[in-house]
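Reproduced below: run17.tsv, with TSV, C-alpha atoms.
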```tsv
chain	number	residue	atom	x	y	z
W	1	MET	CA	0.00	0.00	0.00
W	2	HIS	CA	1.25	3.47	-0.93
W	3	LYS	CA	1.14	5.65	2.20
W	4	LEU	CA	0.97	9.41	2.52
W	5	ASN	CA	4.22	10.97	3.74
W	6	SER	CA	4.86	13.97	5.98
W	7	TYR	CA	5.47	16.27	2.99
W	8	GLN	CA	1.96	15.67	1.73
W	9	LYS	CA	0.39	16.03	5.17
W	10	HIS	CA	2.10	19.32	6.05
W	11	ASN	CA	2.84	21.10	2.75
W	12	LYS	CA	0.54	24.12	2.43
W	13	SER	CA	2.06	25.59	-0.73
W	14	VAL	CA	-0.27	23.71	-3.04
W	15	GLN	CA	-3.74	25.13	-2.56
W	16	ASN	CA	-5.63	23.48	-5.40
W	17	ASN	CA	-3.92	20.10	-5.36
W	18	LYS	CA	-6.21	17.55	-7.04
W	19	ILE	CA	-4.74	15.96	-10.18
W	20	LEU	CA	-6.66	13.54	-12.39
W	21	VAL	CA	-4.48	10.63	-13.54
W	22	ALA	CA	-6.17	8.88	-16.46
W	23	PRO	CA	-4.37	5.88	-18.00
W	24	LEU	CA	-5.66	4.04	-21.06
W	25	ASN	CA	-7.08	0.57	-20.45
W	26	ARG	CA	-5.03	-1.38	-22.97
W	27	GLY	CA	-3.05	-4.18	-21.40
W	28	LEU	CA	-1.52	-3.37	-18.03
W	29	GLY	CA	1.44	-1.23	-19.08
W	30	HIS	CA	-0.34	2.12	-18.95
W	31	ALA	CA	-1.53	1.33	-15.43
W	32	THR	CA	1.81	0.13	-14.07
W	33	ARG	CA	3.84	3.02	-15.45
W	34	CYS	CA	1.38	5.44	-13.83
W	35	ILE	CA	2.22	3.98	-10.41
W	36	PRO	CA	5.47	5.98	-10.03
W	37	VAL	CA	3.63	9.07	-11.33
W	38	ILE	CA	0.93	8.70	-8.66
W	39	ASP	CA	3.55	8.05	-5.97
W	40	ALA	CA	5.45	11.17	-7.01
W	41	LEU	CA	2.29	13.31	-6.97
W	42	GLU	CA	1.56	12.24	-3.39
W	43	ASN	CA	5.16	12.82	-2.37
W	44	HIS	CA	4.94	16.40	-3.68
W	45	GLY	CA	1.76	17.36	-1.90
W	46	PHE	CA	-0.83	16.63	-4.58
W	47	GLU	CA	-3.97	14.52	-4.27
W	48	PRO	CA	-4.26	12.15	-7.25
W	49	ILE	CA	-7.68	11.02	-8.45
W	50	ILE	CA	-7.52	7.93	-10.67
W	51	ALA	CA	-9.81	7.70	-13.71
W	52	SER	CA	-9.89	4.73	-16.06
W	53	ASP	CA	-11.82	1.53	-16.77
W	54	GLY	CA	-11.51	-2.24	-16.86
W	55	THR	CA	-8.44	-4.07	-15.61
W	56	THR	CA	-6.38	-0.86	-15.54
W	57	LEU	CA	-8.74	0.67	-13.00
W	58	GLU	CA	-8.92	-2.55	-10.98
W	59	LEU	CA	-5.13	-2.83	-10.78
W	60	LEU	CA	-4.72	0.77	-9.61
W	61	LYS	CA	-7.48	0.32	-7.03
W	62	LYS	CA	-5.45	-2.54	-5.56
W	63	GLU	CA	-2.25	-0.46	-5.56
W	64	PHE	CA	-3.87	2.70	-4.15
W	65	PRO	CA	-6.90	1.68	-2.07
W	66	HIS	CA	-6.86	5.03	-0.23
W	67	LEU	CA	-7.34	7.14	-3.37
W	68	LYS	CA	-10.56	8.23	-5.03
W	69	THR	CA	-11.28	6.51	-8.34
W	70	ILE	CA	-13.66	7.36	-11.18
W	71	GLU	CA	-14.75	4.98	-13.91
W	72	LEU	CA	-14.56	6.32	-17.45
W	73	PRO	CA	-16.17	4.64	-20.46
W	74	GLY	CA	-13.78	2.34	-22.30
W	75	TYR	CA	-12.70	2.67	-25.91
W	76	HIS	CA	-13.60	-1.01	-26.36
W	77	ALA	CA	-10.93	-1.67	-28.96
W	78	GLU	CA	-10.92	-5.32	-29.96
W	79	TYR	CA	-7.94	-7.29	-31.24
W	80	ALA	CA	-7.94	-9.69	-34.15
W	81	LYS	CA	-7.13	-13.34	-33.54
W	82	THR	CA	-4.48	-13.26	-36.25
W	83	GLY	CA	-1.88	-10.65	-37.05
W	84	ALA	CA	-2.98	-10.47	-40.71
W	85	PHE	CA	-6.25	-8.80	-39.68
W	86	PHE	CA	-4.86	-6.63	-36.84
W	87	LYS	CA	-4.81	-3.36	-38.80
W	88	LEU	CA	-8.15	-3.99	-40.53
W	89	LYS	CA	-9.89	-4.62	-37.22
W	90	ILE	CA	-8.49	-1.40	-35.74
W	91	LEU	CA	-9.45	0.66	-38.81
W	92	LEU	CA	-13.03	-0.62	-38.73
W	93	GLN	CA	-13.32	0.48	-35.10
W	94	MET	CA	-12.01	4.02	-35.68
W	95	PRO	CA	-15.41	5.79	-36.03
W	96	ARG	CA	-16.59	4.27	-32.75
W	97	MET	CA	-13.33	5.23	-31.05
W	98	PHE	CA	-13.60	8.87	-32.19
W	99	LEU	CA	-17.10	9.04	-30.69
W	100	ALA	CA	-15.74	7.53	-27.46
W	101	ILE	CA	-12.94	10.15	-27.34
W	102	ARG	CA	-15.45	12.99	-27.79
W	103	HIS	CA	-17.70	11.57	-25.07
W	104	GLU	CA	-14.69	11.10	-22.78
W	105	ASN	CA	-13.68	14.74	-23.23
W	106	LYS	CA	-17.11	15.97	-22.12
W	107	LEU	CA	-17.03	13.72	-19.06
W	108	VAL	CA	-13.51	14.80	-18.11
W	109	CYS	CA	-14.42	18.51	-18.34
W	110	ASN	CA	-17.35	17.82	-16.01
W	111	ILE	CA	-14.99	16.03	-13.60
W	112	VAL	CA	-12.64	19.03	-13.67
W	113	LYS	CA	-15.50	21.31	-12.63
W	114	GLU	CA	-17.02	18.92	-10.07
W	115	HIS	CA	-13.75	18.20	-8.24
W	116	ASN	CA	-12.07	21.58	-8.80
W	117	LEU	CA	-9.02	19.91	-10.36
W	118	ALA	CA	-5.63	21.60	-10.69
W	119	GLY	CA	-4.70	19.54	-13.73
W	120	ILE	CA	-4.79	16.29	-15.66
W	121	ILE	CA	-2.18	13.67	-16.55
W	122	SER	CA	-3.48	11.44	-19.33
W	123	ASP	CA	-1.55	8.33	-20.23
W	124	SER	CA	-2.67	7.81	-23.83
W	125	ARG	CA	-6.35	8.71	-23.27
W	126	LEU	CA	-6.87	11.13	-26.17
W	127	GLY	CA	-10.03	12.70	-24.72
W	128	ALA	CA	-8.72	13.29	-21.20
W	129	TYR	CA	-8.02	17.01	-21.52
W	130	CYS	CA	-9.84	20.24	-20.69
W	131	LYS	CA	-8.95	23.78	-21.76
W	132	ASN	CA	-9.70	25.14	-18.27
W	133	VAL	CA	-6.70	23.46	-16.57
W	134	PRO	CA	-3.10	22.46	-17.45
W	135	THR	CA	-3.04	19.02	-19.09
W	136	VAL	CA	-0.30	16.51	-19.79
W	137	PHE	CA	-0.28	13.73	-22.36
W	138	LEU	CA	2.08	10.93	-21.29
W	139	THR	CA	3.21	8.75	-24.18
W	140	HIS	CA	6.18	6.96	-25.70
W	141	GLN	CA	4.57	7.24	-29.15
W	142	LEU	CA	4.98	10.51	-30.99
W	143	ASN	CA	4.84	8.50	-34.20
W	144	ILE	CA	2.26	5.73	-34.69
W	145	LEU	CA	3.75	2.84	-36.63
W	146	SER	CA	1.07	1.09	-38.68
W	147	GLY	CA	2.71	0.06	-41.93
W	148	SER	CA	1.23	1.77	-44.99
W	149	THR	CA	-0.99	3.98	-42.78
W	150	THR	CA	1.83	5.26	-40.54
W	151	ALA	CA	1.75	8.83	-41.92
W	152	LEU	CA	-2.04	9.15	-41.56
W	153	ALA	CA	-2.16	7.53	-38.11
W	154	THR	CA	0.67	9.77	-36.88
W	155	LYS	CA	-1.03	12.90	-38.24
W	156	ILE	CA	-4.29	12.05	-36.43
W	157	HIS	CA	-2.40	11.21	-33.22
W	158	GLN	CA	-0.43	14.45	-33.26
W	159	TYR	CA	-3.64	16.41	-33.89
W	160	PHE	CA	-4.83	15.22	-30.47
W	161	LEU	CA	-1.41	15.78	-28.86
W	162	ARG	CA	-1.64	19.49	-29.68
W	163	ARG	CA	-4.75	19.78	-27.50
W	164	PHE	CA	-2.68	19.14	-24.37
W	165	THR	CA	-0.55	21.72	-22.56
W	166	GLN	CA	2.52	19.46	-22.46
W	167	CYS	CA	3.60	16.08	-23.81
W	168	TRP	CA	5.83	13.95	-21.55
W	169	VAL	CA	7.87	11.15	-23.13
W	170	PRO	CA	9.28	8.52	-20.73
W	171	ASP	CA	12.69	8.28	-22.40
W	172	VAL	CA	15.77	10.41	-23.02
W	173	GLU	CA	16.12	12.78	-25.96
W	174	THR	CA	19.63	11.75	-26.94
W	175	SER	CA	21.00	8.46	-28.23
W	176	PRO	CA	21.16	5.74	-27.00
W	177	ASN	CA	17.50	5.62	-26.00
W	178	LEU	CA	14.79	2.97	-25.71
W	179	SER	CA	11.89	4.22	-27.82
W	180	GLY	CA	13.77	5.01	-31.05
W	181	LYS	CA	11.58	6.54	-33.75
W	182	LEU	CA	8.45	5.85	-31.70
W	183	GLY	CA	9.32	8.54	-29.17
W	184	HIS	CA	11.35	10.95	-31.32
W	185	THR	CA	9.99	13.19	-34.06
W	186	GLU	CA	11.28	15.89	-36.40
W	187	ASP	CA	7.91	17.66	-36.42
W	188	PRO	CA	8.64	21.19	-35.08
W	189	GLY	CA	5.02	21.50	-33.91
W	190	ILE	CA	5.52	18.77	-31.30
W	191	LYS	CA	7.71	19.89	-28.39
W	192	PRO	CA	7.94	16.91	-26.01
W	193	LYS	CA	9.53	16.90	-22.58
W	194	TYR	CA	11.78	13.85	-22.19
W	195	ILE	CA	11.36	12.94	-18.54
W	196	GLY	CA	13.47	9.77	-18.20
W	197	LEU	CA	12.38	6.16	-17.81
W	198	LEU	CA	9.22	5.43	-15.83
W	199	SER	CA	9.29	2.22	-13.82
W	200	ARG	CA	7.64	1.15	-10.59
W	201	LEU	CA	10.48	-1.36	-10.00
W	202	HIS	CA	13.93	-1.17	-8.39
W	203	LYS	CA	16.99	-3.31	-8.95
W	204	LYS	CA	18.01	-5.45	-5.97
W	205	THR	CA	20.82	-7.91	-5.41
W	206	THR	CA	19.23	-11.26	-4.64
W	207	GLU	CA	19.75	-14.97	-5.22
W	208	LYS	CA	18.11	-16.35	-8.33
W	209	GLN	CA	15.04	-18.49	-7.57
W	210	TYR	CA	13.67	-19.01	-11.08
W	211	SER	CA	15.26	-19.95	-14.38
W	212	LEU	CA	12.36	-18.30	-16.18
W	213	MET	CA	9.65	-15.77	-15.39
W	214	VAL	CA	6.72	-15.51	-17.80
W	215	LEU	CA	4.93	-12.17	-17.59
W	216	LEU	CA	1.76	-11.94	-19.66
W	217	SER	CA	-0.16	-8.77	-20.48
W	218	GLY	CA	-2.08	-7.17	-23.32
W	219	GLY	CA	-5.55	-7.39	-24.79
W	220	GLU	CA	-7.64	-10.39	-25.61
W	221	PRO	CA	-7.78	-12.74	-27.42
W	222	GLN	CA	-3.99	-12.53	-27.88
W	223	ARG	CA	-3.20	-12.79	-24.16
W	224	THR	CA	-5.06	-16.12	-23.98
W	225	GLU	CA	-3.58	-17.32	-27.28
W	226	LEU	CA	-0.05	-16.83	-25.95
W	227	GLU	CA	-0.84	-18.36	-22.56
W	228	GLU	CA	-2.14	-21.53	-24.19
W	229	LYS	CA	0.92	-21.81	-26.44
W	230	LEU	CA	3.35	-21.25	-23.55
W	231	ARG	CA	1.60	-23.77	-21.30
W	232	ALA	CA	2.10	-26.40	-23.99
W	233	GLU	CA	5.75	-25.46	-24.58
W	234	LEU	CA	6.61	-25.36	-20.87
W	235	LYS	CA	5.83	-29.07	-20.59
W	236	LYS	CA	9.16	-29.58	-22.38
W	237	TYR	CA	11.07	-27.20	-20.07
W	238	ASN	CA	12.93	-28.43	-17.00
W	239	GLY	CA	13.80	-25.12	-15.37
W	240	LYS	CA	11.92	-23.68	-12.41
W	241	THR	CA	9.36	-21.23	-13.79
W	242	LEU	CA	7.16	-18.47	-12.39
W	243	PHE	CA	4.18	-17.74	-14.65
W	244	VAL	CA	2.17	-14.52	-14.11
W	245	GLN	CA	-0.98	-14.69	-16.25
W	246	GLY	CA	-1.85	-11.00	-16.16
W	247	LEU	CA	-5.44	-11.59	-15.01
W	248	ILE	CA	-6.60	-8.92	-12.57
W	249	GLU	CA	-9.20	-10.75	-10.48
W	250	PRO	CA	-10.78	-10.05	-7.05
W	251	GLU	CA	-8.53	-12.56	-5.28
W	252	GLN	CA	-4.94	-13.55	-5.94
W	253	LYS	CA	-4.58	-17.22	-6.87
W	254	MET	CA	-1.52	-19.46	-6.89
W	255	VAL	CA	-1.32	-22.94	-8.45
W	256	LYS	CA	1.73	-25.22	-8.83
W	257	GLU	CA	1.92	-27.52	-11.84
W	258	GLY	CA	5.17	-29.49	-12.11
W	259	ASN	CA	8.09	-27.05	-12.18
W	260	THR	CA	5.83	-24.06	-12.83
W	261	LEU	CA	4.22	-21.80	-10.25
W	262	PHE	CA	1.20	-19.92	-11.67
W	263	TYR	CA	-0.16	-16.60	-10.34
W	264	ASN	CA	-3.18	-14.89	-11.85
W	265	TYR	CA	-1.60	-11.54	-10.95
W	266	MET	CA	1.02	-10.00	-8.65
W	267	ASN	CA	1.21	-6.62	-6.98
W	268	THR	CA	4.16	-4.26	-7.45
W	269	ALA	CA	6.22	-5.59	-4.52
W	270	GLN	CA	5.77	-9.19	-5.68
W	271	ILE	CA	6.60	-8.40	-9.32
W	272	GLU	CA	9.72	-6.51	-8.25
W	273	GLU	CA	10.94	-9.38	-6.08
W	274	ALA	CA	10.13	-12.05	-8.68
W	275	MET	CA	11.81	-10.24	-11.58
W	276	ASN	CA	14.95	-9.64	-9.53
W	277	GLN	CA	14.99	-13.35	-8.64
W	278	SER	CA	14.60	-14.54	-12.26
W	279	GLU	CA	17.40	-15.27	-14.71
W	280	VAL	CA	15.33	-14.58	-17.84
W	281	VAL	CA	11.96	-12.85	-18.35
W	282	LEU	CA	9.70	-13.93	-21.22
W	283	CYS	CA	7.12	-11.27	-22.11
W	284	ARG	CA	5.65	-8.99	-24.75
W	285	PRO	CA	7.94	-6.15	-25.88
W	286	SER	CA	5.51	-3.49	-24.68
W	287	TYR	CA	7.32	-0.25	-23.93
W	288	THR	CA	6.49	-0.50	-20.22
W	289	ASN	CA	8.02	-3.97	-20.06
W	290	VAL	CA	11.10	-2.67	-21.86
W	291	MET	CA	11.48	0.15	-19.31
W	292	ASP	CA	11.01	-2.23	-16.36
W	293	LEU	CA	13.56	-4.70	-17.74
W	294	ALA	CA	16.04	-1.88	-18.39
W	295	LYS	CA	15.62	-0.59	-14.84
W	296	LEU	CA	16.44	-4.07	-13.50
W	297	CYS	CA	19.19	-4.77	-16.10
W	298	LYS	CA	17.54	-8.07	-17.08
W	299	LYS	CA	18.03	-10.60	-19.82
W	300	ALA	CA	14.79	-11.28	-21.64
W	301	PHE	CA	13.04	-12.96	-24.55
W	302	PHE	CA	10.26	-11.19	-26.45
W	303	ILE	CA	7.17	-12.43	-28.30
W	304	PRO	CA	5.40	-9.46	-29.96
W	305	VAL	CA	1.62	-9.34	-30.29
W	306	PRO	CA	0.96	-10.57	-33.86
W	307	GLY	CA	0.42	-7.63	-36.19
W	308	GLU	CA	1.21	-4.93	-33.61
W	309	TYR	CA	3.76	-2.74	-35.38
W	310	GLU	CA	4.96	-0.96	-32.24
W	311	GLN	CA	5.98	-4.18	-30.49
W	312	GLU	CA	7.48	-5.65	-33.66
W	313	TYR	CA	9.55	-2.48	-34.11
W	314	LEU	CA	10.86	-2.56	-30.52
W	315	ALA	CA	11.65	-6.28	-30.76
W	316	LYS	CA	13.60	-5.81	-34.01
W	317	LYS	CA	15.38	-2.70	-32.69
W	318	LEU	CA	16.58	-4.49	-29.54
W	319	LYS	CA	17.61	-7.62	-31.45
W	320	ARG	CA	19.67	-5.55	-33.92
W	321	SER	CA	21.55	-3.99	-31.01
W	322	ASN	CA	22.29	-7.49	-29.61
W	323	THR	CA	20.20	-6.64	-26.55
W	324	VAL	CA	17.25	-9.08	-26.53
W	325	PRO	CA	16.18	-11.85	-28.96
W	326	TYR	CA	12.61	-12.40	-30.07
W	327	ALA	CA	10.38	-14.85	-31.94
W	328	LEU	CA	7.04	-14.52	-33.68
W	329	GLN	CA	4.21	-16.05	-31.69
W	330	ASP	CA	3.42	-18.79	-34.21
W	331	ASN	CA	7.10	-19.75	-34.49
W	332	PHE	CA	8.12	-19.77	-30.82
W	333	LYS	CA	9.58	-22.96	-29.36
W	334	ILE	CA	10.80	-23.36	-25.79
W	335	LYS	CA	14.30	-24.18	-27.05
W	336	ASN	CA	14.50	-20.59	-28.37
W	337	LEU	CA	14.95	-19.37	-24.78
W	338	GLY	CA	18.60	-20.42	-24.82
W	339	LYS	CA	19.32	-17.45	-27.12
W	340	ALA	CA	18.56	-15.01	-24.29
W	341	HIS	CA	21.87	-15.79	-22.60
W	342	MET	CA	23.74	-14.98	-25.84
W	343	TYR	CA	22.47	-11.38	-25.84
W	344	LYS	CA	23.73	-8.64	-23.52
W	345	GLY	CA	20.35	-7.83	-21.94
W	346	LEU	CA	18.75	-4.49	-21.21
W	347	LYS	CA	20.54	-1.67	-19.38
W	348	SER	CA	19.04	1.41	-17.79
W	349	VAL	CA	19.26	4.76	-19.55
W	350	GLU	CA	20.27	7.01	-16.68
W	351	CYS	CA	18.17	10.14	-16.30
W	352	ALA	CA	16.73	11.19	-12.94
W	353	ILE	CA	13.14	12.36	-13.22
W	354	LYS	CA	12.78	15.96	-11.99
W	355	TRP	CA	9.28	15.67	-10.58
W	356	LYS	CA	9.31	19.07	-8.86
W	357	ASP	CA	9.99	20.83	-12.16
W	358	LEU	CA	7.38	18.77	-14.00
W	359	PHE	CA	4.68	19.32	-11.39
W	360	SER	CA	5.27	23.08	-11.31
W	361	LEU	CA	2.84	23.13	-14.23
W	362	PHE	CA	0.00	22.48	-11.77
W	363	GLU	CA	0.97	24.80	-8.95
W	364	SER	CA	-1.07	27.92	-8.26
W	365	LYS	CA	0.79	31.11	-9.06
```
Would you write the structure of this file as structure tokens?
Amino acid sequence: MHKLNSYQKHNKSVQNNKILVAPLNRGLGHATRCIPVIDALENHGFEPIIASDGTTLELLKKEFPHLKTIELPGYHAEYAKTGAFFKLKILLQMPRMFLAIRHENKLVCNIVKEHNLAGIISDSRLGAYCKNVPTVFLTHQLNILSGSTTALATKIHQYFLRRFTQCWVPDVETSPNLSGKLGHTEDPGIKPKYIGLLSRLHKKTTEKQYSLMVLLSGGEPQRTELEEKLRAELKKYNGKTLFVQGLIEPEQKMVKEGNTLFYNYMNTAQIEEAMNQSEVVLCRPSYTNVMDLAKLCKKAFFIPVPGEYEQEYLAKKLKRSNTVPYALQDNFKIKNLGKAHMYKGLKSVECAIKWKDLFSLFESK
């Protein structure tokens, strides 16, 4: 549980101190990378209010049971069962998503008025802004990679970015960096603030308990598709394995099957301990996972979501730099894991986050 500290209890300099933190409900990465943001807000005298939907909201309720939460309507984006139809499925849903963004914006402006908010931090929720208060869009994607529609998708995305007061990118501006062309643009109209890597985890020196940690996340049906494939492949694996399914349910469940210990989900403290205790982490190359692995200096193996250009780009980028190997979901075999030890693994990009400077945007003058 994240507790209030003495700074928050006694600081009187922030008069209007309520900040809406609104992460997108798409996998768990947007939720988990907002955890250090929420912690930092509390540590600097602000009162975060969490607004989201689905598993993202449920996870943050478990992490911050003392904070007020508000449920927003979801975008209800659905994923194709095969990578070949990934883009088509997303394109067909665009009109409905635009309506959802417009509706979200009206709701958020009402929330601003009702709760007398000092500002908003939106993690990838395009409608979570209001012209009456300072707003931040948190993203690692200034460019949207989507194959032949990259230029159009990026133009639409940047149209929404310009509606926010500031854009924070969890990376460094210079090279080497983690996000590559995702988080770096030559468009002079976009002026991002590079804030450094966002991770809820900390590196610790500990004895290794697991040969392999499987960390699942992402939307359905692809999360289930990968879980079923990995369960079958793990029957041929002799190493001790910890398998986190990425299912946010009311109660935590633990089941042991052979050499594998299954958890439906883990909280931050458990994930931190387990990842530090694992030799190799097998997961999706979501940007949040990449940041977490870099923070812990871990060796990993990636399986991108079929058809998701962002994850395929990150996987290829990190393989080219001899950092982390990957395999396509349909082609993965458990014997591929041996390649992880031949790569150098992820390393942290050092850049201390200057929260006080960032949060000055919300302070009353």
Contacts of segment 344-356 of chain W at 8 Å (all atoms listed in the file; same-chain gap of 2+ positions) as a PyMOL selection string
chain W and resi 40+44+171-172+176-178+195-197+290-291+293-300+322-324+340-342+358-360
Answer as a VMD selection string, residues within 9 Å of (-8.1, 9.8, -26.1) using all atoms listed in the file:
chain W and resid 24 75 97 to 98 100 to 102 104 to 105 122 to 129 160
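With distances restricted to all atoms listed in the file, W:Thr268 is the closest residue to Lys62 of chain W from W:Thr288, W:Gln158, W:Thr268, W:Ser321.
Atom CA of Ser211 of chain W to atom CA of Val280 of chain W spans 6.4 Å [interatomic distance, one decimal].
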For Cys130 of chain W, list every protein, DNA or RNA residue within 8 Å, evaluated using only C-alpha atoms, and leave out those in the same chain fewer than 3 positions away; present the list as a compact mmCIF listing (two decimals) with C-alpha atoms, in the coordinates of the input.
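Output saved as result_8.txt:
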```
# COMPACT_ATOMS: atom_id res chain seq x y z
CA ASN W 105 -13.68 14.74 -23.23
CA VAL W 108 -13.51 14.80 -18.11
CA CYS W 109 -14.42 18.51 -18.34
CA VAL W 112 -12.64 19.03 -13.67
CA VAL W 133 -6.70 23.46 -16.57
CA PRO W 134 -3.10 22.46 -17.45
CA THR W 135 -3.04 19.02 -19.09
```
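The smallest atom-to-atom distance between Met213 of chain W and any of W:Ser278, W:Gln245, W:Thr174, W:Thr185, using all atoms listed in the file, is found for W:Ser278.
Of the listed residues (W:Ile35, W:Leu314, W:Leu212, W:Leu138), W:Leu212 comes nearest to Gln277 of chain W; the distances count only C-alpha atoms.
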Mind writing segment 216-230 of chain W to a file for me, with N, CA, C and O atoms, as an mmCIF file, in the first residue's frame?
```cif
data_model
loop_
_atom_site.group_PDB
_atom_site.id
_atom_site.type_symbol
_atom_site.label_atom_id
_atom_site.label_comp_id
_atom_site.auth_asym_id
_atom_site.auth_seq_id
_atom_site.Cartn_x
_atom_site.Cartn_y
_atom_site.Cartn_z
ATOM 1 N N LEU W 216 2.723 -12.195 -18.600
ATOM 2 C CA LEU W 216 1.759 -11.938 -19.660
ATOM 3 C C LEU W 216 1.018 -10.630 -19.430
ATOM 4 O O LEU W 216 0.797 -10.204 -18.293
ATOM 5 N N SER W 217 0.621 -10.003 -20.530
ATOM 6 C CA SER W 217 -0.163 -8.770 -20.482
ATOM 7 C C SER W 217 -0.770 -8.576 -21.859
ATOM 8 O O SER W 217 -0.570 -9.380 -22.764
ATOM 9 N N GLY W 218 -1.517 -7.481 -22.007
ATOM 10 C CA GLY W 218 -2.080 -7.171 -23.322
ATOM 11 C C GLY W 218 -3.535 -7.565 -23.442
ATOM 12 O O GLY W 218 -4.111 -8.210 -22.567
ATOM 13 N N GLY W 219 -4.125 -7.168 -24.562
ATOM 14 C CA GLY W 219 -5.546 -7.395 -24.791
ATOM 15 C C GLY W 219 -5.865 -8.802 -25.241
ATOM 16 O O GLY W 219 -4.996 -9.555 -25.674
ATOM 17 N N GLU W 220 -7.138 -9.117 -25.122
ATOM 18 C CA GLU W 220 -7.639 -10.395 -25.609
ATOM 19 C C GLU W 220 -8.059 -10.262 -27.082
ATOM 20 O O GLU W 220 -8.380 -9.182 -27.538
ATOM 21 N N PRO W 221 -8.039 -11.355 -27.856
ATOM 22 C CA PRO W 221 -7.775 -12.737 -27.416
ATOM 23 C C PRO W 221 -6.300 -13.134 -27.407
ATOM 24 O O PRO W 221 -5.967 -14.267 -27.098
ATOM 25 N N GLN W 222 -5.399 -12.169 -27.726
ATOM 26 C CA GLN W 222 -3.990 -12.534 -27.878
ATOM 27 C C GLN W 222 -3.326 -12.940 -26.564
ATOM 28 O O GLN W 222 -2.418 -13.771 -26.566
ATOM 29 N N ARG W 223 -3.780 -12.375 -25.435
ATOM 30 C CA ARG W 223 -3.198 -12.790 -24.160
ATOM 31 C C ARG W 223 -3.454 -14.275 -23.937
ATOM 32 O O ARG W 223 -2.543 -15.036 -23.560
ATOM 33 N N THR W 224 -4.700 -14.702 -24.168
ATOM 34 C CA THR W 224 -5.057 -16.117 -23.983
ATOM 35 C C THR W 224 -4.351 -17.005 -24.997
ATOM 36 O O THR W 224 -3.893 -18.105 -24.657
ATOM 37 N N GLU W 225 -4.252 -16.531 -26.238
ATOM 38 C CA GLU W 225 -3.577 -17.319 -27.280
ATOM 39 C C GLU W 225 -2.138 -17.635 -26.869
ATOM 40 O O GLU W 225 -1.670 -18.764 -27.006
ATOM 41 N N LEU W 226 -1.437 -16.617 -26.352
ATOM 42 C CA LEU W 226 -0.045 -16.832 -25.953
ATOM 43 C C LEU W 226 0.034 -17.714 -24.712
ATOM 44 O O LEU W 226 0.928 -18.575 -24.615
ATOM 45 N N GLU W 227 -0.863 -17.526 -23.769
ATOM 46 C CA GLU W 227 -0.839 -18.358 -22.562
ATOM 47 C C GLU W 227 -0.986 -19.834 -22.919
ATOM 48 O O GLU W 227 -0.249 -20.692 -22.409
ATOM 49 N N GLU W 228 -1.921 -20.138 -23.803
ATOM 50 C CA GLU W 228 -2.135 -21.533 -24.191
ATOM 51 C C GLU W 228 -0.911 -22.112 -24.883
ATOM 52 O O GLU W 228 -0.526 -23.265 -24.631
ATOM 53 N N LYS W 229 -0.278 -21.326 -25.738
ATOM 54 C CA LYS W 229 0.920 -21.805 -26.436
ATOM 55 C C LYS W 229 2.058 -22.051 -25.452
ATOM 56 O O LYS W 229 2.750 -23.084 -25.513
ATOM 57 N N LEU W 230 2.251 -21.114 -24.505
ATOM 58 C CA LEU W 230 3.352 -21.245 -23.553
ATOM 59 C C LEU W 230 3.130 -22.396 -22.578
ATOM 60 O O LEU W 230 4.076 -23.089 -22.191
#
```
